[in-house]
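Engineer: target-v1.txt is reproduced below (compact mmCIF, C-alpha atoms).
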# COMPACT_ATOMS: atom_id res chain seq x y z
CA MET L 1 -12.00 -29.93 -12.84
CA LYS L 2 -9.91 -26.88 -12.01
CA ALA L 3 -7.67 -26.92 -8.97
CA PHE L 4 -9.56 -24.36 -6.89
CA GLU L 5 -12.91 -26.04 -7.67
CA ARG L 6 -11.43 -29.30 -6.36
CA LEU L 7 -10.10 -27.45 -3.34
CA LEU L 8 -13.52 -25.97 -2.60
CA LEU L 9 -15.21 -29.37 -2.80
CA LEU L 10 -12.72 -30.63 -0.22
CA ILE L 11 -13.47 -27.65 1.99
CA ILE L 12 -17.23 -28.08 1.73
CA ARG L 13 -16.92 -31.71 2.84
CA LEU L 14 -14.58 -30.82 5.68
CA MET L 15 -15.91 -27.49 6.83
CA VAL L 16 -16.72 -27.09 10.50
CA VAL L 17 -16.42 -23.91 12.53
CA ALA L 18 -13.07 -24.04 14.31
CA PRO L 19 -13.42 -23.94 18.10
CA ALA L 20 -11.15 -21.38 19.74
CA LEU L 21 -7.74 -21.92 18.17
CA GLY L 22 -8.42 -25.50 17.06
CA PHE L 23 -8.17 -26.70 13.49
CA VAL L 24 -10.90 -28.59 11.71
CA PRO L 25 -10.17 -32.29 11.31
CA SER L 26 -9.91 -33.24 7.65
CA ARG L 27 -8.92 -36.07 5.35
CA THR L 28 -6.03 -35.47 3.04
CA SER L 29 -5.74 -37.34 0.32
CA SER L 30 12.84 -23.81 -18.44
CA SER L 31 15.85 -25.66 -17.43
CA PHE L 32 19.42 -24.36 -17.13
CA VAL L 33 22.56 -25.68 -18.73
CA LEU L 34 24.64 -26.29 -15.63
CA ASP L 35 27.94 -24.47 -15.64
CA SER L 36 30.00 -27.65 -15.64
CA SER L 37 32.91 -25.75 -17.15
CA LEU L 38 33.70 -24.61 -13.61
CA ALA L 39 34.15 -28.17 -12.40
CA SER L 40 37.79 -28.48 -13.40
CA SER L 41 38.72 -24.92 -12.44
CA PRO L 42 37.24 -23.79 -9.09
CA ILE L 43 38.48 -20.17 -9.39
CA ALA L 44 36.91 -18.82 -12.61
CA GLU L 45 35.47 -15.68 -14.10
CA GLY L 46 31.81 -14.89 -13.48
CA VAL L 47 29.30 -16.75 -15.65
CA LEU L 48 25.92 -15.20 -16.49
CA THR L 49 23.26 -17.57 -17.84
CA LYS L 50 19.92 -16.21 -19.09
CA THR L 51 16.66 -18.04 -19.85
CA SER L 52 13.37 -17.21 -21.52
CA LYS L 53 11.60 -16.74 -18.18
CA SER L 54 10.17 -13.33 -17.32
CA PRO L 55 12.66 -11.25 -15.35
CA SER L 56 11.89 -10.06 -11.84
CA SER L 57 13.12 -7.12 -9.80
CA ASP L 58 13.27 -9.42 -6.75
CA TRP L 59 16.79 -10.89 -6.63
CA GLU L 60 18.34 -13.56 -4.42
CA LEU L 61 21.99 -13.69 -3.38
CA ASP L 62 24.36 -16.03 -1.59
CA CYS L 63 28.03 -15.54 -0.75
CA TYR L 64 29.51 -18.48 1.10
CA SER L 65 32.19 -21.15 1.11
CA ARG L 66 31.61 -24.45 -0.71
CA PRO L 67 32.78 -27.99 0.10
CA VAL L 68 35.80 -27.65 -2.21
CA LEU L 69 39.43 -26.97 -1.37
CA VAL L 70 41.34 -24.87 -3.90
CA ASP L 71 44.87 -26.23 -4.41
CA GLY L 72 44.16 -28.52 -1.48
CA LYS L 73 44.42 -25.67 1.01
CA LYS L 74 41.75 -22.97 1.01
CA LYS L 75 37.96 -23.14 0.75
CA LEU L 76 36.25 -22.21 -2.48
CA TRP L 77 34.07 -19.12 -2.07
CA GLU L 78 31.27 -18.24 -4.47
CA VAL L 79 28.80 -15.49 -5.13
CA LEU L 80 25.53 -16.78 -6.59
CA VAL L 81 22.85 -14.36 -7.78
CA THR L 82 19.52 -15.05 -9.45
CA ASP L 83 16.04 -13.54 -9.49
CA SER L 84 12.86 -15.02 -8.04
CA ASN L 85 11.71 -16.26 -11.46
CA GLY L 86 15.04 -17.79 -12.44
CA SER L 87 15.39 -15.60 -15.54
CA PHE L 88 19.14 -15.49 -15.01
CA ARG L 89 21.87 -17.08 -12.92
CA TYR L 90 25.24 -15.55 -12.16
CA CYS L 91 28.09 -17.47 -10.55
CA GLN L 92 31.37 -15.83 -9.51
CA SER L 93 34.16 -17.66 -7.70
CA LEU L 94 36.25 -15.61 -5.28
CA PRO L 95 39.70 -16.23 -3.85
CA SER L 96 39.41 -16.48 -0.09
CA ASN L 97 41.50 -13.32 0.38
CA GLN L 98 38.96 -11.33 -1.67
CA VAL L 99 35.86 -12.23 0.33
CA ASN L 100 34.82 -8.80 1.55
CA SER L 101 32.01 -6.27 1.17
CA LYS L 102 33.83 -4.21 -1.46
CA GLU L 103 34.41 -7.18 -3.74
CA LEU L 104 30.83 -8.39 -3.28
CA ARG L 105 29.47 -4.93 -4.13
CA ASN L 106 31.58 -4.91 -7.31
CA VAL L 107 30.12 -8.27 -8.33
CA VAL L 108 26.54 -7.10 -7.76
CA GLU L 109 27.08 -3.86 -9.65
CA SER L 110 28.62 -5.80 -12.53
CA ILE L 111 25.53 -8.02 -12.78
CA ILE L 112 23.20 -5.01 -12.67
CA ASP L 113 25.08 -3.54 -15.63
CA GLN L 114 24.53 -6.74 -17.63
CA VAL L 115 20.75 -7.16 -17.23
CA GLU L 116 17.80 -5.07 -18.37
CA THR L 117 15.56 -5.50 -15.31
CA LYS L 118 17.31 -3.91 -12.34
CA PRO L 119 16.70 -5.19 -8.80
CA ASP L 120 14.49 -3.43 -6.27
CA THR L 121 15.12 -5.99 -3.52
CA ILE L 122 17.95 -8.46 -2.96
CA ARG L 123 17.13 -11.26 -0.51
CA PHE L 124 19.67 -13.44 1.30
CA PHE L 125 19.18 -16.22 3.84
CA ARG L 126 22.70 -16.76 5.18
CA GLY L 127 22.81 -15.25 8.67
CA ALA L 128 26.53 -15.82 9.06
CA MET L 129 27.12 -13.39 6.18
CA PHE L 130 24.65 -10.73 7.30
CA ASN L 131 27.16 -7.98 8.11
CA MET L 132 29.21 -8.35 4.96
CA ILE L 133 26.22 -8.57 2.63
CA ASN L 134 24.42 -5.71 4.36
CA ILE L 135 27.49 -3.46 4.06
CA ALA L 136 28.04 -4.47 0.43
CA LEU L 137 24.46 -3.62 -0.57
CA SER L 138 24.26 -0.43 1.48
CA GLU L 139 25.86 1.51 -1.37
CA VAL L 140 23.74 -0.12 -4.07
CA ASP L 141 20.29 1.30 -4.88
CA VAL L 142 18.38 -1.75 -3.58
CA VAL L 143 16.63 -2.98 -0.45
CA ALA L 144 18.78 -5.61 1.26
CA LYS L 145 16.39 -8.09 2.87
CA PRO L 146 17.28 -11.05 5.09
CA SER L 147 14.72 -13.65 4.07
CA ARG L 148 13.79 -17.31 4.23
CA CYS L 149 11.92 -16.98 0.91
CA THR L 150 14.93 -17.48 -1.36
CA PHE L 151 13.32 -20.44 -3.14
CA GLU L 152 14.98 -20.09 -6.55
CA LEU L 153 18.41 -19.71 -4.98
CA ALA L 154 17.86 -22.76 -2.75
CA SER L 155 16.90 -24.86 -5.77
CA TRP L 156 20.05 -23.76 -7.59
CA LEU L 157 22.25 -24.56 -4.59
CA GLU L 158 20.72 -28.04 -4.43
CA GLU L 159 21.67 -28.56 -8.08
CA ARG L 160 25.23 -27.42 -7.51
CA HIS L 161 25.69 -29.64 -4.46
CA ALA L 162 24.35 -32.62 -6.41
CA GLU L 163 25.95 -32.07 -9.82
CA ILE L 164 28.70 -29.45 -9.81
CA TYR L 165 30.75 -29.54 -6.60
CA PRO L 166 31.23 -33.35 -6.58
CA GLU L 167 32.91 -33.03 -10.00
CA MET L 168 35.36 -30.34 -8.85
CA GLU L 169 38.92 -31.15 -7.96
CA GLY L 170 39.30 -30.78 -4.21
CA TYR L 171 35.69 -31.69 -3.38
CA LYS L 172 35.26 -32.59 0.30
CA PRO L 173 31.74 -33.82 1.17
CA SER L 174 32.60 -33.67 4.87
CA MET L 175 32.77 -29.88 4.57
CA ARG L 176 29.06 -29.52 3.86
CA ASP L 177 26.94 -27.88 6.53
CA GLY L 178 25.31 -31.19 7.39
CA GLY L 179 21.67 -31.97 8.07
CA GLN L 180 20.61 -28.68 9.62
CA ARG L 181 18.49 -26.18 7.76
CA PRO L 182 20.00 -22.77 7.18
CA ALA L 183 19.02 -20.51 10.05
CA PHE L 184 19.31 -16.78 10.40
CA LEU L 185 18.87 -16.65 14.15
CA ASP L 186 19.05 -19.51 16.61
CA ALA L 187 16.08 -18.22 18.61
CA ARG L 188 12.78 -17.27 17.04
CA THR L 189 10.07 -15.15 18.55
CA LEU L 190 6.81 -17.04 19.10
CA GLN L 191 3.81 -14.73 19.12
CA LYS L 192 0.09 -15.21 19.32
CA LEU L 193 -1.63 -14.46 16.02
CA PRO L 194 -3.68 -11.25 16.36
CA ASP L 195 -7.40 -11.94 16.84
CA ALA L 196 -8.31 -9.85 13.81
CA LEU L 197 -6.21 -12.10 11.58
CA ARG L 198 -7.51 -15.49 12.67
CA GLY L 199 -9.68 -17.51 10.34
CA GLU L 200 -13.13 -18.69 11.33
CA LYS L 201 -12.72 -22.03 9.56
CA TYR L 202 -9.70 -24.17 8.70
CA ALA L 203 -8.97 -27.41 6.88
CA PHE L 204 -5.96 -29.58 6.09
CA VAL L 205 -6.22 -30.50 2.39
CA GLY L 206 -4.05 -31.66 -0.49
CA LEU L 207 -3.65 -30.85 -4.19
CA PRO L 208 -1.87 -32.88 -6.88
CA LEU L 209 1.54 -31.56 -7.81
CA SER L 210 0.36 -31.62 -11.43
CA GLU L 211 -1.82 -28.59 -10.68
CA PHE L 212 1.35 -26.52 -10.28
CA LEU L 213 3.15 -27.73 -13.40
CA PRO L 214 3.21 -25.39 -16.42
CA GLU L 215 2.16 -28.15 -18.82
CA THR L 216 -0.80 -29.58 -16.88
CA GLY L 217 -1.68 -27.26 -14.01
CA SER L 218 -4.40 -24.68 -13.56
CA ILE L 219 -2.73 -22.73 -10.72
CA SER L 220 -0.57 -19.84 -11.88
CA ASN L 221 0.39 -16.32 -10.87
CA GLU L 222 -2.77 -15.07 -12.59
CA ASN L 223 -5.23 -16.71 -10.16
CA ILE L 224 -3.55 -16.68 -6.71
CA GLY L 225 -4.48 -13.20 -5.53
CA VAL L 226 -1.63 -11.52 -3.64
CA GLY L 227 0.13 -14.84 -3.08
CA LYS L 228 3.26 -16.31 -4.63
CA LEU L 229 4.41 -19.62 -6.05
CA CYS L 230 7.83 -20.93 -5.09
CA THR L 231 10.18 -22.88 -7.33
CA LEU L 232 9.26 -26.56 -7.54
CA PRO L 233 11.89 -29.11 -6.47
CA LYS L 234 13.01 -31.36 -9.30
CA GLY L 235 12.15 -35.03 -9.59
CA LEU L 236 8.85 -35.12 -7.68
CA PRO L 237 6.08 -37.30 -9.17
CA ALA L 238 3.29 -35.29 -10.80
CA ASP L 239 0.58 -37.43 -9.19
CA ALA L 240 1.90 -36.87 -5.65
CA PHE L 241 -0.11 -34.61 -3.36
CA VAL L 242 1.08 -31.30 -1.95
CA GLN L 243 -0.29 -30.80 1.56
CA GLY L 244 -1.70 -27.47 2.65
CA ILE L 245 -4.03 -25.56 4.92
CA VAL L 246 -7.02 -23.54 3.77
CA ILE L 247 -8.14 -20.62 5.92
CA LEU L 248 -11.71 -19.40 5.44
CA THR L 249 -12.44 -16.00 6.93
CA ASN L 250 -14.62 -12.96 6.35
CA ARG L 251 -11.42 -10.95 6.63
CA ALA L 252 -9.77 -12.81 3.75
CA GLU L 253 -8.52 -9.69 1.97
CA ALA L 254 -7.05 -8.24 5.15
CA LEU L 255 -5.38 -11.51 6.15
CA ALA L 256 -3.99 -12.12 2.66
CA THR L 257 -2.63 -8.59 2.46
CA TRP L 258 -1.02 -8.95 5.88
CA LEU L 259 0.58 -12.25 4.91
CA SER L 260 1.92 -10.67 1.74
CA GLY L 261 3.33 -7.70 3.62
CA THR L 262 5.01 -9.77 6.34
CA GLU L 263 6.47 -12.27 3.84
CA VAL L 264 4.90 -15.54 4.89
CA VAL L 265 7.46 -18.35 4.99
CA GLY L 266 5.44 -21.43 5.80
CA LEU L 267 3.47 -23.52 8.26
CA SER L 268 4.89 -26.04 10.70
CA CYS L 269 3.25 -28.39 13.18
CA ASP L 270 4.84 -29.20 16.53
CA LEU L 271 3.26 -32.55 17.39
CA ARG L 272 4.77 -32.67 20.88
CA GLN L 273 3.43 -29.22 21.78
CA ARG L 274 0.19 -29.90 19.85
CA SER L 275 0.40 -26.60 18.02
CA VAL L 276 0.51 -25.16 14.53
CA MET L 277 2.74 -22.19 13.77
CA MET L 278 2.83 -19.77 10.90
CA GLU L 279 6.36 -18.61 10.14
CA THR L 280 6.94 -15.14 8.71
CA ASP L 281 9.87 -12.87 7.93
CA ILE L 282 13.29 -14.02 9.07
CA ASP L 283 12.69 -15.06 12.69
CA THR L 284 8.99 -14.75 13.67
CA GLU L 285 6.53 -17.53 14.41
CA TYR L 286 2.83 -17.03 15.16
CA LEU L 287 0.84 -19.55 17.14
CA MET L 288 -2.18 -20.35 14.98
CA ALA L 289 -3.73 -23.37 16.63
CA LYS L 290 -3.70 -25.83 19.51
CA LEU L 291 -4.56 -29.34 18.42
CA ASN L 292 -6.62 -32.07 20.03
CA ASP L 293 -5.89 -35.77 19.47
CA VAL L 294 -7.73 -36.03 16.14
CA GLN L 295 -6.27 -32.79 14.84
CA ARG L 296 -2.80 -33.88 15.95
CA ALA L 297 -3.13 -36.91 13.68
CA GLU L 298 -4.07 -34.61 10.80
CA ALA L 299 -1.06 -32.43 11.55
CA ASN L 300 1.14 -35.52 11.44
CA ILE L 301 -0.14 -36.31 7.94
CA PHE L 302 0.59 -32.72 6.94
CA GLU L 303 4.19 -32.91 8.21
CA GLU L 304 4.78 -36.33 6.65
CA GLY L 305 3.46 -34.98 3.36
CA LYS L 306 5.80 -32.00 3.57
CA ALA L 307 8.79 -34.26 4.20
CA ALA L 308 7.88 -36.53 1.28
CA MET L 309 7.64 -33.49 -1.02
CA GLU L 310 10.94 -31.93 0.09
CA GLY L 311 9.25 -29.29 2.25
CA LEU L 312 6.67 -28.24 -0.34
CA HIS L 313 3.28 -27.12 1.04
CA PHE L 314 0.73 -24.34 0.62
CA ILE L 315 -1.50 -21.83 2.38
CA SER L 316 -4.75 -20.64 0.83
CA VAL L 317 -6.82 -17.75 2.22
CA MET L 318 -10.43 -17.50 1.04
CA GLN L 319 -13.56 -15.71 2.17
CA SER L 320 -15.98 -18.54 1.50
CA GLU L 321 -16.46 -21.77 -0.39
CA ASN L 322 -18.23 -19.77 -3.14
CA ASP L 323 -15.14 -17.78 -4.14
CA ASP L 324 -13.83 -18.36 -7.66
CA GLN L 325 -10.27 -17.95 -6.46
CA PRO L 326 -8.46 -17.18 -3.21
CA ALA L 327 -7.55 -13.78 -1.85
CA GLY L 328 -4.07 -15.20 -1.49
CA PHE L 329 -2.44 -18.54 -2.27
CA TRP L 330 1.15 -19.32 -1.34
CA LEU L 331 3.08 -22.34 -2.55
CA LEU L 332 5.97 -22.57 -0.10
CA ARG L 333 8.96 -24.71 0.66
CA ASP L 334 11.12 -25.20 3.73
CA LEU L 335 14.74 -24.31 2.97
CA PRO L 336 16.54 -27.59 2.20
CA THR L 337 19.31 -28.90 4.42
CA GLY L 338 22.99 -28.88 3.62
CA ILE L 339 23.07 -25.89 1.28
Please, can you express the file's structure as structure tokens?
Structural biologist:
Amino acid sequence: MKAFERLLLLIIRLMVVAPALGFVPSRTSSSFVLDSSLASSPIAEGVLTKTSKSPSSDWELDCYSRPVLVDGKKKLWEVLVTDSNGSFRYCQSLPSNQVNSKELRNVVESIIDQVETKPDTIRFFRGAMFNMINIALSEVDVVAKPSRCTFELASWLEERHAEIYPEMEGYKPSMRDGGQRPAFLDARTLQKLPDALRGEKYAFVGLPLSEFLPETGSISNENIGVGKLCTLPKGLPADAFVQGIVILTNRAEALATWLSGTEVVGLSCDLRQRSVMMETDIDTEYLMAKLNDVQRAEANIFEEGKAAMEGLHFISVMQSENDDQPAGFWLLRDLPTGI
């Protein structure tokens, strides 16, 4: 049975018109060769690694210090650049006295000269580096976009923190950012979701991770409407379930288009406030639902499922249970901690 057929059967069993803002109670049920050559020499020339994946004009960039001291004194700084499909990775170490917008712009322009597919947009999540990155990209023919949807970059950073930095001379684990998720702004704006964009019916559901794997899955970029699929974290069991929320609405096309245009980031449930929020862009949250006791229990399952799957979850927008595929389907992931 295909993934969306299974999803629809779940919806049909669960479907009840959602009262006011309440949710419907439900029952959930190409690799890289790591650049280990940099381990013994923190300050090194840029390394460009390409794969067989399709290139994308959506790029992701990070420029930040790492938990490594060079010569026992100064922090290691790196520029990491990839695209949203992971078709290439570029790593450039920088001496601390060369961390500036001019040097960063030179690095970006050098990468652009080396690849066939040029970037239209370069996303970055690190709020502390906003001014420098924004200035650096202002003279490059791209859109510089602060974003929490840097999934490929986040996955790469996790790899480096697990496998590369610990092998470097001067590694200091105490210098990592700790258990907090990267944040662009400390305060986010909570808004009420516009009436025209609310769904008439909702359900918490789950899909096996295997449905998203290239070898076994039936969900791909070809059948998710205007949605997107994020990079999957490594090491998760294929038979584990990814938790998600399905929104059924007669305005499915409009809602899916709006979510695509605003760059949907994810869903989160505040069990204490008994509410469900949709997060978009860099700092906006929309109040989607207030939860009663039963629905609060369902939201708890959703959050526990997200935590067990390293923040992985999904949103599916459909017009009815008879649709062959959704107007938009987003596989999303909370930015990991300590990157």
Engineer: Kindly compute an axis-aligned box around the listed atoms of stretch 85-99 of chain L, allowing 3 Å on each side, and express its centre and edge lengths in Å to one decimal as JSON.
Structural biologist:
{"center_x": 26.6, "center_y": -14.6, "center_z": -7.6, "size_x": 35.8, "size_y": 12.5, "size_z": 21.9}
Engineer: Quick one: pull the distance between atom CA of L:Val205 and atom CA of L:Gly328, Å, one decimal.
Structural biologist: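 If I compute the distance from atom CA of L:Val205 to atom CA of L:Gly328, I get 15.9 Å.
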Engineer: From the list L:Thr280, L:Ser316, L:Thr337, L:Ser101, which residue is nearest L:Ser268 when using all atoms listed in the file?
Structural biologist: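 Under the stated criterion, the closest residue is L:Thr280.
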Engineer: Which residue is closest to L:Leu69? Choose from L:Leu153, L:Val47, L:Leu197, L:Met175 and count all atoms listed in the file.
Structural biologist: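 Closest residue, counting all atoms listed in the file: L:Met175.
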Engineer: Per residue of stretch 43-86 of chain L within 7 Å of stretch 123-134 of chain L, which atom pair is closest and at what distance in Å (one decimal), using all atoms listed in the file, listed by chain and increasing number, as a tab-separated table?
Structural biologist:
residue	atom	partner	partner_atom	distance
L:Trp59	CA	L:Arg123	CA	6.1
L:Glu60	CA	L:Arg123	CA	4.7
L:Leu61	CA	L:Phe124	CA	5.2
L:Asp62	CA	L:Phe124	CA	6.1
Engineer: Under the rule that all atoms listed in the file are counted, which of L:Pro173, L:Gly86, L:Pro95, L:Gly225 is the nearest residue to L:Met318?
Structural biologist: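 Smallest distance to L:Met318 is found for L:Gly225.
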Engineer: Find, counting all atoms listed in the file, the residue in L:Glu152, L:Glu103, L:Gln243, L:Ala327 that gets nearest to L:Glu304.
Structural biologist: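 The answer is L:Gln243, which sits nearest to L:Glu304.
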Engineer: Looking at L:Pro67, L:Pro166, L:Gly46, L:Pro233, which one is nearest to L:Ala308, with distances taken over only C-alpha atoms?
Structural biologist: L:Pro233
Engineer: Enter the distance from atom CA of L:Thr82 to atom CA of L:Glu167, in Å, rounded to one decimal.
Structural biologist: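 Rounded to one decimal, the two atoms are 22.4 Å apart.
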